[in-house]
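Next comes model_30.txt, with compact mmCIF, C-alpha atoms.
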```txt
# COMPACT_ATOMS: atom_id res chain seq x y z
CA MET A 236 -13.04 11.53 -28.14
CA ALA A 237 -11.85 8.25 -26.62
CA VAL A 238 -13.60 5.06 -27.75
CA TRP A 239 -13.90 1.86 -25.65
CA LEU A 240 -13.34 -1.24 -27.82
CA LYS A 241 -13.75 -3.43 -24.73
CA THR A 242 -15.49 -2.64 -21.44
CA ALA A 243 -15.42 -4.18 -17.96
CA LYS A 244 -18.06 -5.25 -15.45
CA SER A 245 -20.41 -2.51 -14.33
CA VAL A 246 -19.86 -0.53 -11.15
CA GLU A 247 -23.15 -1.92 -9.81
CA ALA A 248 -22.00 -5.53 -10.21
CA ARG A 249 -18.74 -4.76 -8.42
CA ARG A 250 -20.61 -3.04 -5.58
CA GLU A 251 -22.76 -6.14 -4.97
CA GLU A 252 -19.63 -8.29 -4.65
CA ASN A 253 -18.08 -5.79 -2.21
CA ASP A 254 -21.21 -5.78 -0.03
CA LYS A 255 -21.02 -9.56 0.44
CA VAL A 256 -17.38 -9.34 1.50
CA ARG A 257 -18.13 -6.48 3.91
CA GLN A 258 -20.75 -8.49 5.79
CA ILE A 259 -18.53 -11.56 6.15
CA VAL A 260 -15.60 -9.48 7.44
CA GLU A 261 -17.75 -7.52 9.89
CA THR A 262 -19.01 -10.72 11.51
CA ALA A 263 -15.53 -12.23 11.66
CA LEU A 264 -13.94 -9.19 13.30
CA GLU A 265 -16.69 -9.03 15.92
CA ASP A 266 -15.98 -12.69 16.74
CA ILE A 267 -12.22 -12.09 17.08
CA THR A 268 -12.86 -9.10 19.34
CA ALA A 269 -15.17 -11.17 21.53
CA ARG A 270 -13.34 -14.52 21.63
CA GLY A 271 -9.73 -13.80 20.71
CA ASP A 272 -7.51 -16.82 20.08
CA ASP A 273 -10.42 -19.26 20.01
CA ALA A 274 -12.05 -17.40 17.12
CA VAL A 275 -8.72 -17.03 15.31
CA ARG A 276 -8.01 -20.75 15.59
CA GLU A 277 -11.49 -21.72 14.35
CA MET A 278 -11.18 -19.43 11.34
CA SER A 279 -7.72 -20.75 10.52
CA ILE A 280 -9.08 -24.29 10.51
CA GLN A 281 -12.14 -23.30 8.49
CA PHE A 282 -10.45 -21.18 5.82
CA ASP A 283 -6.89 -22.56 5.64
CA GLY A 284 -7.17 -26.06 7.12
CA TRP A 285 -4.37 -25.01 9.47
CA GLU A 286 -4.29 -25.67 13.22
CA ARG A 287 -1.56 -25.09 15.79
CA ASP A 288 -1.37 -24.41 19.51
CA ASP A 289 0.73 -21.33 18.75
CA PHE A 290 0.78 -19.71 15.31
CA ARG A 291 4.11 -17.99 15.97
CA LEU A 292 7.01 -19.81 14.32
CA SER A 293 9.92 -20.78 16.55
CA GLN A 294 13.49 -19.92 15.64
CA ASP A 295 14.10 -23.59 14.83
CA GLU A 296 11.19 -23.56 12.39
CA ILE A 297 12.44 -20.36 10.78
CA ASP A 298 15.95 -21.80 10.42
CA ALA A 299 14.51 -24.99 8.91
CA CYS A 300 12.61 -22.98 6.29
CA ILE A 301 15.71 -21.00 5.37
CA ALA A 302 17.72 -24.23 5.11
CA THR A 303 15.39 -25.56 2.39
CA LEU A 304 16.33 -22.73 0.03
CA SER A 305 19.34 -22.81 -2.28
CA ASP A 306 22.22 -20.38 -2.01
CA GLN A 307 20.93 -18.73 -5.18
CA ASP A 308 17.45 -18.32 -3.65
CA ILE A 309 18.94 -16.63 -0.58
CA HIS A 310 21.18 -14.42 -2.74
CA ASP A 311 18.21 -13.33 -4.86
CA ILE A 312 16.08 -12.50 -1.81
CA LYS A 313 18.92 -10.48 -0.31
CA PHE A 314 19.46 -8.65 -3.61
CA ALA A 315 15.79 -7.63 -3.80
CA GLN A 316 15.75 -6.54 -0.17
CA GLU A 317 18.88 -4.45 -0.61
CA GLN A 318 17.26 -2.57 -3.51
CA VAL A 319 14.20 -1.82 -1.38
CA ARG A 320 16.39 -0.89 1.60
CA ASN A 321 18.60 1.41 -0.45
CA PHE A 322 15.71 3.38 -1.94
CA ALA A 323 13.95 3.57 1.44
CA ARG A 324 17.12 4.96 3.03
CA HIS A 325 17.26 7.71 0.43
CA GLN A 326 13.60 8.50 1.10
CA ARG A 327 14.22 8.58 4.86
CA ALA A 328 17.17 10.93 4.41
CA ALA A 329 14.84 13.36 2.62
CA LEU A 330 12.63 13.60 5.73
CA GLN A 331 14.26 16.01 8.12
CA ASP A 332 13.32 17.17 11.61
CA ILE A 333 13.06 20.95 11.71
CA GLU A 334 13.43 23.70 14.31
CA VAL A 335 12.80 27.33 13.33
CA GLU A 336 12.42 30.66 15.13
CA THR A 337 9.25 32.08 13.59
CA LEU A 338 9.10 35.19 15.82
CA PRO A 339 11.70 36.53 18.24
CA GLY A 340 11.64 34.05 21.14
CA VAL A 341 9.16 31.64 19.49
CA ILE A 342 10.59 28.27 18.42
CA LEU A 343 8.53 25.78 16.40
CA GLY A 344 9.55 22.41 15.10
CA HIS A 345 8.56 18.94 14.09
CA LYS A 346 10.01 15.49 14.65
CA ASN A 347 9.56 12.39 12.51
CA ILE A 348 8.81 9.64 15.04
CA PRO A 349 8.47 5.97 14.02
CA VAL A 350 5.27 4.11 14.83
CA ASN A 351 5.92 1.81 17.81
CA SER A 352 4.58 -1.43 16.33
CA VAL A 353 3.53 -2.61 12.89
CA GLY A 354 1.81 -5.75 11.64
CA CYS A 355 2.79 -6.74 8.11
CA TYR A 356 0.49 -9.03 6.14
CA VAL A 357 2.22 -11.10 3.47
CA PRO A 358 -0.25 -12.80 1.10
CA GLY A 359 0.60 -16.33 0.11
CA GLY A 360 -2.42 -18.63 -0.01
CA LYS A 361 -2.26 -19.16 -3.80
CA TYR A 362 1.28 -17.97 -4.53
CA PRO A 363 4.09 -17.46 -1.98
CA LEU A 364 4.41 -13.69 -2.51
CA LEU A 365 7.64 -13.18 -0.61
CA ALA A 366 8.14 -9.75 -2.23
CA SER A 367 5.53 -8.31 0.12
CA ALA A 368 7.85 -9.08 3.03
CA HIS A 369 10.56 -6.92 1.44
CA MET A 370 8.19 -4.05 0.83
CA SER A 371 6.73 -3.90 4.32
CA VAL A 372 9.32 -5.23 6.77
CA VAL A 373 12.43 -3.72 5.18
CA THR A 374 10.77 -0.33 4.79
CA ALA A 375 9.49 -0.33 8.38
CA LYS A 376 12.98 -1.24 9.59
CA VAL A 377 14.52 1.70 7.74
CA ALA A 378 11.90 3.96 9.32
CA GLY A 379 13.02 2.72 12.75
CA VAL A 380 9.88 0.86 13.89
CA PRO A 381 10.82 -0.95 17.15
CA ARG A 382 8.47 -3.96 16.81
CA ILE A 383 7.56 -5.52 13.46
CA ILE A 384 5.45 -8.66 13.26
CA THR A 385 4.40 -10.58 10.16
CA CYS A 386 1.56 -12.90 9.24
CA ALA A 387 1.42 -15.08 6.14
CA PRO A 388 -0.99 -17.95 5.47
CA PRO A 389 0.17 -21.55 5.12
CA PHE A 390 1.05 -22.68 1.62
CA ASN A 391 0.24 -26.29 0.72
CA GLY A 392 -0.46 -27.05 4.37
CA LYS A 393 2.69 -25.62 5.95
CA PRO A 394 4.65 -22.38 6.30
CA ALA A 395 5.96 -21.25 2.91
CA PRO A 396 9.77 -21.52 3.19
CA ALA A 397 10.50 -18.61 0.83
CA ILE A 398 8.10 -16.28 2.65
CA VAL A 399 9.47 -17.25 6.04
CA ALA A 400 13.02 -16.70 4.82
CA ALA A 401 12.12 -13.31 3.37
CA GLN A 402 10.43 -12.25 6.61
CA ALA A 403 13.38 -13.36 8.71
CA LEU A 404 16.05 -11.85 6.44
CA ALA A 405 14.11 -8.58 6.33
CA GLY A 406 14.27 -8.40 10.11
CA ALA A 407 10.78 -9.31 11.38
CA ASP A 408 10.68 -9.59 15.18
CA GLU A 409 7.82 -12.10 15.30
CA ILE A 410 6.72 -14.38 12.45
CA TYR A 411 3.28 -16.02 12.45
CA CYS A 412 1.87 -18.57 10.03
CA LEU A 413 -1.67 -17.23 9.91
CA GLY A 414 -3.73 -15.85 7.06
CA GLY A 415 -6.85 -13.98 6.07
CA ILE A 416 -9.25 -12.02 8.23
CA GLN A 417 -8.08 -13.93 11.29
CA ALA A 418 -4.49 -12.72 10.84
CA VAL A 419 -5.35 -9.09 10.24
CA GLY A 420 -7.92 -9.10 13.03
CA ALA A 421 -5.57 -10.72 15.54
CA MET A 422 -2.78 -8.25 14.81
CA ALA A 423 -5.08 -5.25 15.12
CA VAL A 424 -7.28 -6.32 18.04
CA GLY A 425 -4.67 -8.33 19.93
CA THR A 426 -5.25 -11.72 21.56
CA ALA A 427 -3.76 -13.62 24.45
CA SER A 428 -1.03 -15.00 22.17
CA ILE A 429 -0.55 -12.11 19.73
CA ALA A 430 0.05 -8.64 21.14
CA GLY A 431 -1.77 -6.01 19.09
CA VAL A 432 -0.03 -3.48 16.86
CA ASP A 433 -0.49 0.21 16.11
CA MET A 434 -0.52 -0.09 12.33
CA LEU A 435 -1.36 -2.68 9.65
CA VAL A 436 0.32 -2.78 6.24
CA GLY A 437 0.53 -5.07 3.26
CA PRO A 438 -1.67 -6.24 0.38
CA GLY A 439 -4.11 -9.13 0.43
CA ASN A 440 -7.29 -10.52 -1.06
CA ALA A 441 -10.69 -8.83 -0.89
CA PHE A 442 -11.31 -10.09 2.65
CA VAL A 443 -7.96 -8.84 3.95
CA ALA A 444 -8.47 -5.47 2.28
CA GLU A 445 -11.95 -5.12 3.74
CA ALA A 446 -10.72 -6.14 7.20
CA LYS A 447 -8.10 -3.40 7.07
CA ARG A 448 -10.75 -0.91 5.98
CA GLN A 449 -13.01 -1.80 8.89
CA LEU A 450 -10.13 -1.73 11.38
CA PHE A 451 -8.90 1.69 10.26
CA GLY A 452 -9.24 4.05 13.19
CA ARG A 453 -8.65 1.33 15.75
CA VAL A 454 -5.23 1.04 14.13
CA GLY A 455 -3.52 2.88 11.30
CA ILE A 456 -3.24 1.30 7.87
CA ASP A 457 -1.03 1.95 4.87
CA LEU A 458 -3.90 2.51 2.43
CA PHE A 459 -7.21 1.09 1.21
CA ALA A 460 -6.28 -1.61 -1.27
CA GLY A 461 -8.38 -3.52 -3.78
CA PRO A 462 -7.45 -5.97 -6.54
CA THR A 463 -4.25 -5.28 -8.49
CA GLU A 464 -4.75 -2.83 -11.35
CA THR A 465 -2.63 -2.20 -14.41
CA LEU A 466 -2.92 0.42 -17.12
CA ILE A 467 -0.81 0.13 -20.27
CA ILE A 468 -0.38 3.44 -22.12
CA ALA A 469 1.12 2.71 -25.53
CA ASP A 470 1.45 3.86 -29.11
CA GLU A 471 2.88 2.15 -32.18
CA THR A 472 6.45 2.44 -30.90
CA VAL A 473 5.68 -0.96 -29.30
CA ASP A 474 3.72 -3.97 -30.53
CA GLY A 475 0.69 -5.96 -29.47
CA GLU A 476 2.72 -8.83 -28.02
CA MET A 477 4.49 -6.51 -25.57
CA CYS A 478 1.22 -4.85 -24.50
CA ALA A 479 -0.62 -8.16 -24.11
CA THR A 480 2.23 -9.61 -22.06
CA ASP A 481 2.18 -6.67 -19.68
CA LEU A 482 -1.61 -6.78 -19.33
CA LEU A 483 -1.77 -10.49 -18.53
CA GLY A 484 1.32 -10.34 -16.34
CA GLN A 485 -0.75 -8.36 -13.83
CA ALA A 486 -4.16 -9.90 -14.58
CA GLU A 487 -2.82 -13.19 -13.16
CA HIS A 488 -2.97 -11.64 -9.67
CA GLY A 489 -6.66 -12.58 -9.48
CA PRO A 490 -9.95 -12.90 -11.37
CA THR A 491 -11.02 -9.37 -10.40
CA SER A 492 -7.81 -7.57 -11.39
CA PRO A 493 -8.48 -4.77 -13.91
CA ALA A 494 -6.13 -4.67 -16.90
CA VAL A 495 -6.56 -1.72 -19.27
CA LEU A 496 -4.93 -0.75 -22.55
CA LEU A 497 -5.02 2.95 -23.46
CA THR A 498 -3.66 3.81 -26.90
CA ASN A 499 -4.00 6.27 -29.77
CA SER A 500 -3.73 3.45 -32.30
CA GLU A 501 -6.72 1.27 -33.17
CA LYS A 502 -4.34 -1.09 -34.97
CA LEU A 503 -2.27 -1.60 -31.80
CA ALA A 504 -5.49 -2.03 -29.80
CA ARG A 505 -6.78 -4.82 -32.01
CA ASP A 506 -3.35 -6.47 -32.34
CA THR A 507 -3.10 -6.48 -28.53
CA MET A 508 -6.49 -8.16 -28.12
CA GLU A 509 -5.43 -10.84 -30.60
CA TRP A 510 -2.17 -11.39 -28.74
CA VAL A 511 -4.03 -11.67 -25.42
CA GLU A 512 -6.00 -14.62 -26.78
CA ARG A 513 -2.83 -16.29 -28.12
CA ILE A 514 -0.93 -15.92 -24.86
CA LEU A 515 -3.85 -17.16 -22.77
CA LYS A 516 -3.66 -20.50 -24.59
CA TRP A 517 -0.22 -21.30 -23.13
CA LEU A 518 0.10 -19.13 -20.03
CA PRO A 519 0.12 -21.41 -16.93
CA THR A 520 -1.93 -18.85 -15.00
CA GLY A 521 -4.19 -18.30 -18.00
CA GLU A 522 -7.38 -19.42 -16.29
CA VAL A 523 -7.17 -16.66 -13.68
CA ALA A 524 -5.72 -14.05 -16.03
CA GLY A 525 -8.32 -14.90 -18.66
CA GLN A 526 -11.23 -14.42 -16.27
CA ALA A 527 -9.79 -11.08 -15.15
CA TRP A 528 -9.40 -10.01 -18.77
CA ARG A 529 -12.92 -11.10 -19.74
CA ASP A 530 -14.62 -9.42 -16.76
CA TYR A 531 -12.35 -6.47 -15.97
CA GLY A 532 -10.24 -5.87 -19.07
CA GLU A 533 -10.70 -2.70 -21.09
CA VAL A 534 -9.32 -1.36 -24.36
CA ILE A 535 -9.54 2.38 -25.00
CA VAL A 536 -8.54 4.25 -28.14
CA ALA A 537 -7.86 7.97 -27.64
CA GLU A 538 -7.27 10.64 -30.26
CA ASP A 539 -3.77 11.69 -29.17
CA LEU A 540 -1.26 11.70 -26.31
CA GLN A 541 -2.93 14.65 -24.58
CA GLU A 542 -6.27 12.84 -24.42
CA MET A 543 -4.44 9.74 -23.18
CA VAL A 544 -3.12 11.79 -20.24
CA LYS A 545 -6.65 12.99 -19.42
CA VAL A 546 -8.17 9.50 -19.59
CA ALA A 547 -5.29 8.00 -17.59
CA ASP A 548 -5.71 10.56 -14.81
CA ASP A 549 -9.43 9.75 -14.65
CA ILE A 550 -8.68 6.02 -14.36
CA ALA A 551 -6.08 6.72 -11.61
CA SER A 552 -4.63 3.22 -11.89
CA GLU A 553 -2.37 1.50 -9.40
CA HIS A 554 0.30 0.58 -11.98
CA VAL A 555 0.84 2.61 -15.16
CA GLN A 556 3.18 1.24 -17.82
CA VAL A 557 4.02 3.93 -20.39
CA MET A 558 5.49 2.95 -23.77
CA THR A 559 5.18 5.84 -26.20
CA ALA A 560 7.23 8.21 -28.33
CA ASP A 561 7.13 10.72 -25.44
CA ASP A 562 7.14 8.87 -22.10
CA ASP A 563 8.26 11.98 -20.20
CA LEU A 564 5.04 13.75 -21.20
CA PHE A 565 3.21 11.38 -18.86
CA LEU A 566 5.81 11.74 -16.11
CA ASN A 567 5.54 15.52 -16.28
CA THR A 568 1.77 15.88 -16.65
CA MET A 569 0.00 12.91 -15.03
CA THR A 570 -1.16 13.46 -11.45
CA ASN A 571 -3.16 10.33 -10.53
CA TYR A 572 -1.25 7.04 -10.40
CA GLY A 573 0.25 4.63 -7.90
CA ALA A 574 3.54 4.12 -9.73
CA LEU A 575 4.80 4.90 -13.24
CA PHE A 576 6.92 2.51 -15.29
CA LEU A 577 8.45 4.48 -18.13
CA GLY A 578 9.57 2.86 -21.37
CA PRO A 579 9.57 -0.72 -22.63
CA ARG A 580 12.79 -1.61 -20.80
CA THR A 581 11.04 -1.53 -17.44
CA ASN A 582 7.74 -3.11 -16.41
CA VAL A 583 5.40 -3.57 -13.45
CA SER A 584 6.95 -6.91 -12.54
CA TYR A 585 10.25 -5.17 -11.81
CA GLY A 586 8.47 -2.88 -9.38
CA ASP A 587 6.53 -5.77 -7.85
CA LYS A 588 9.58 -7.86 -7.12
CA VAL A 589 13.00 -6.30 -7.16
CA ILE A 590 13.81 -2.84 -8.52
CA GLY A 591 13.46 -1.04 -5.18
CA THR A 592 10.28 1.05 -5.29
CA ASN A 593 7.42 -0.19 -3.13
CA HIS A 594 4.72 -2.40 -4.62
CA THR A 595 1.98 -1.65 -2.07
CA LEU A 596 0.10 1.01 -4.02
CA PRO A 597 -3.29 2.76 -4.11
CA THR A 598 -6.15 1.12 -6.03
CA GLN A 599 -9.80 1.93 -6.80
CA LYS A 600 -8.97 5.54 -7.69
CA ALA A 601 -7.27 6.20 -4.33
CA ALA A 602 -4.31 7.51 -6.35
CA ARG A 603 -6.30 10.75 -6.56
CA TYR A 604 -5.35 11.49 -2.94
CA THR A 605 -2.50 9.23 -1.81
CA GLY A 606 0.69 7.59 -2.93
CA GLY A 607 1.77 4.09 -1.99
CA LEU A 608 3.57 2.57 0.97
CA TRP A 609 6.93 4.17 1.67
CA VAL A 610 9.20 4.89 4.61
CA GLY A 611 7.22 8.03 5.47
CA LYS A 612 4.07 5.99 6.13
CA PHE A 613 5.75 4.51 9.20
CA LEU A 614 6.64 7.93 10.59
CA LYS A 615 4.46 10.35 12.54
CA THR A 616 5.38 13.98 11.86
CA CYS A 617 4.72 15.52 15.28
CA THR A 618 5.02 19.24 15.96
CA TRP A 619 6.31 21.00 19.08
CA GLN A 620 6.63 24.58 20.26
CA LYS A 621 8.63 26.54 22.81
CA VAL A 622 8.37 30.20 23.88
CA LEU A 623 11.68 31.45 25.26
CA THR A 624 10.95 34.99 26.50
CA ASN A 625 8.31 36.88 28.48
CA GLU A 626 7.97 39.37 25.66
CA ALA A 627 7.23 36.67 23.10
CA SER A 628 4.62 34.98 25.31
CA ALA A 629 2.80 38.27 25.98
CA HIS A 630 2.98 39.26 22.31
CA VAL A 631 1.42 36.03 21.06
CA GLY A 632 -0.97 36.02 24.02
CA GLU A 633 -2.53 39.34 23.10
CA TYR A 634 -3.41 38.09 19.62
CA CYS A 635 -4.62 34.76 21.00
CA SER A 636 -6.85 36.48 23.57
CA ARG A 637 -8.63 38.59 20.97
CA LEU A 638 -9.08 35.68 18.56
CA CYS A 639 -10.52 33.47 21.34
CA ALA A 640 -12.99 36.24 22.16
CA LEU A 641 -14.15 36.24 18.52
CA GLU A 642 -14.88 32.51 18.84
CA GLY A 643 -16.51 32.75 22.26
CA PHE A 644 -13.97 30.39 23.87
CA ALA A 645 -13.64 31.94 27.32
CA GLY A 646 -11.39 29.22 28.74
CA HIS A 647 -9.02 29.44 25.81
CA LYS A 648 -8.97 33.22 26.22
CA GLU A 649 -8.06 32.93 29.89
CA GLN A 650 -5.13 30.64 29.02
CA ALA A 651 -3.75 33.51 26.96
CA ASP A 652 -4.76 36.27 29.39
CA ILE A 653 -2.99 34.76 32.40
CA ARG A 654 0.26 34.83 30.46
CA VAL A 655 -0.27 38.40 29.29
CA ARG A 656 -0.84 39.40 32.93
CA ARG A 657 2.21 37.52 34.20
CA TYR A 658 4.67 38.10 31.38
CA GLY A 659 3.48 41.39 29.81
CA PRO A 660 5.06 44.82 30.36
CA ASN A 661 2.56 45.60 33.14
CA SER A 662 3.18 42.38 35.06
CA ALA A 663 4.37 42.44 38.66
CA GLY A 664 7.38 40.39 37.67
```
Please rewrite the model in this file as structure tokens.
Amino acid sequence: MAVWLKTAKSVEARREENDKVRQIVETALEDITARGDDAVREMSIQFDGWERDDFRLSQDEIDACIATLSDQDIHDIKFAQEQVRNFARHQRAALQDIEVETLPGVILGHKNIPVNSVGCYVPGGKYPLLASAHMSVVTAKVAGVPRIITCAPPFNGKPAPAIVAAQALAGADEIYCLGGIQAVGAMAVGTASIAGVDMLVGPGNAFVAEAKRQLFGRVGIDLFAGPTETLIIADETVDGEMCATDLLGQAEHGPTSPAVLLTNSEKLARDTMEWVERILKWLPTGEVAGQAWRDYGEVIVAEDLQEMVKVADDIASEHVQVMTADDDLFLNTMTNYGALFLGPRTNVSYGDKVIGTNHTLPTQKAARYTGGLWVGKFLKTCTWQKVLTNEASAHVGEYCSRLCALEGFAGHKEQADIRVRRYGPNSAG
């Protein structure tokens, strides 16, 4: 049976924190709905110290941001975006429209239709996370979304040049320097200066995630997202330094980011905990990563690989780094995860930044029922039907009439009956 050498904060403590966030977001969204741009501007001043007459960046401002980056910076951004674009194109090619004749004279089909407008949130208040622009804008473009707008908060009191460049190079149609609840709310609700969208995507802090949750239904969203999660599944084929590095590399996302080690080796577990403390002494983001590790870090020792699979599926983590003697066992048997990173040669950072898979992934056990953001999220699979012959209409109509009678739906039944009368063998025609 698995043993926890280190545990995280209780579920009850986490729920109390979530309740506080929920109340703040609810009030803010009501204000944006009621007062539009005025509320957005006040929140931007209050939370970001950022005020403008128009939060949309002009083309001159976009060009100026791009001009501050080196040729190498631009090359690296384009490289990352091409990896995301390439994989998204392969995914899109796998989604085919269909048209089939299911009965003589009965044609059914579906079409994959892009959402008309998408708002992409790119977090950047603490770190300029330009990778989120690749993941959302590039993928939406491949899906064929006609209008893509982006919002990112100011960084050090101005638009973050790298984020702006990434948004522009990815193909965003409108770029706004606006963050937090006010950005998400404005994109979803719409204001006098920001036309609303049909769908919101992109990661963010607890307030952004809660705003998306509350807005779901008014608009579509990619998924319900909480703090970044990482699960390291390892045995003694790797060492404590590697495991500790991969745990803290994701814990630096924020003080509430869970980082979990699952192993069948108590020696590796204890070595990893020792290495965590060593690395935290020199890691520049050690204050944040250290708090996440203290409050949300876990270390679990299982009996064998099979129990590790079971525990991992129960955790249903966003990121799962597998470094064992049999990595394919986890690929072939695990069912609950956002993304797998197999073997020590890859890692979650590759997926976050550049390798081509999407980094917007399910958290808080949502991996039990959904995958992450991908080109298919921007497509609506819409069905259609066509009946080509009188005989087919009457044939289906007879079944439909009897089934409607079983349900007591007289109007539905008459829809079928009128076609049986007009198109059946006893019709006047």
(request) May I ask for the distance between atom CA of Asp332 of chain A and atom CA of Pro349 of chain A, given in Å to one decimal place? (result) 12.4 Å
(request) Name the residues in contact with Arg448 of chain A at a cut-off of 12 Å, using all atoms listed in the file, excluding same-chain residues fewer than 3 positions from it; report them as a PyMOL selection string. (result) chain A and resi 256-257+260-261+264+416+419-420+423+435-436+438-439+441-445+451-461
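Among the candidate residues A:Ser500, A:His488, A:Thr618, A:Met370, the one lying nearest to Leu596 of chain A is A:Met370, with distances computed using all atoms listed in the file.
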(message) as a PyMOL selection string, please: the residues near Leu404 of chain A (cut-off 10 Å, all atoms listed in the file, same-chain neighbours under 3 positions excluded).
(response) chain A and resi 301+309+312-313+316+368-369+372-373+398-401+407
(message) Could you list, as a ChimeraX atom specification, every residue within 7 Å of segment 374-386 of chain A, counting all atoms listed in the file and ignoring same-chain residues fewer than 2 positions away?
(response) /A:320,323-324,327,349-357,370-372,388,407-414,418,609-610,613-614
(message) Set the distance at 12 Å and use all atoms listed in the file: which residues neighbour Ala427 of chain A once local chain neighbours fewer than 5 positions away are removed? I'd like the list as number ranges by chain.
(response) A: 267-268, 270-275, 289-290, 421-422
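Using only C-alpha atoms, the residues found no farther than 9 Å from Gly591 of chain A, other than those of its own chain fewer than 2 positions away, are Ala315, Gln316, Glu317, Gln318, Val319, Arg320, Asn321, Phe322, Ala323, Met370, Tyr585, Gly586, Asp587, Lys588, Val589, Asn593 and His594 of chain A.
Proximity of A:Pro389, A:Gly344, A:Pro339, A:Gly484 to Gln556 of chain A, computed with all atoms listed in the file, is greatest for A:Gly484.
Among the candidates A:Asn582, A:Trp510, A:Val555, A:Val544, the one nearest to Asn567 of chain A when counting all atoms listed in the file is A:Val544.
For the residues A:Gly632, A:Met278, A:Val546, A:Val341, ranking by smallest atom-to-atom distance to Lys648 of chain A using all atoms listed in the file places A:Gly632 first.
Of the listed residues A:Asp306, A:Asp530, A:Asp506, A:Asp283, the one whose atoms come nearest to Thr491 of chain A is A:Asp530, with distances taken using only C-alpha atoms.
Counting from atom CA of Thr303 of chain A, the distance to atom CA of Lys393 of chain A is 13.2 Å.
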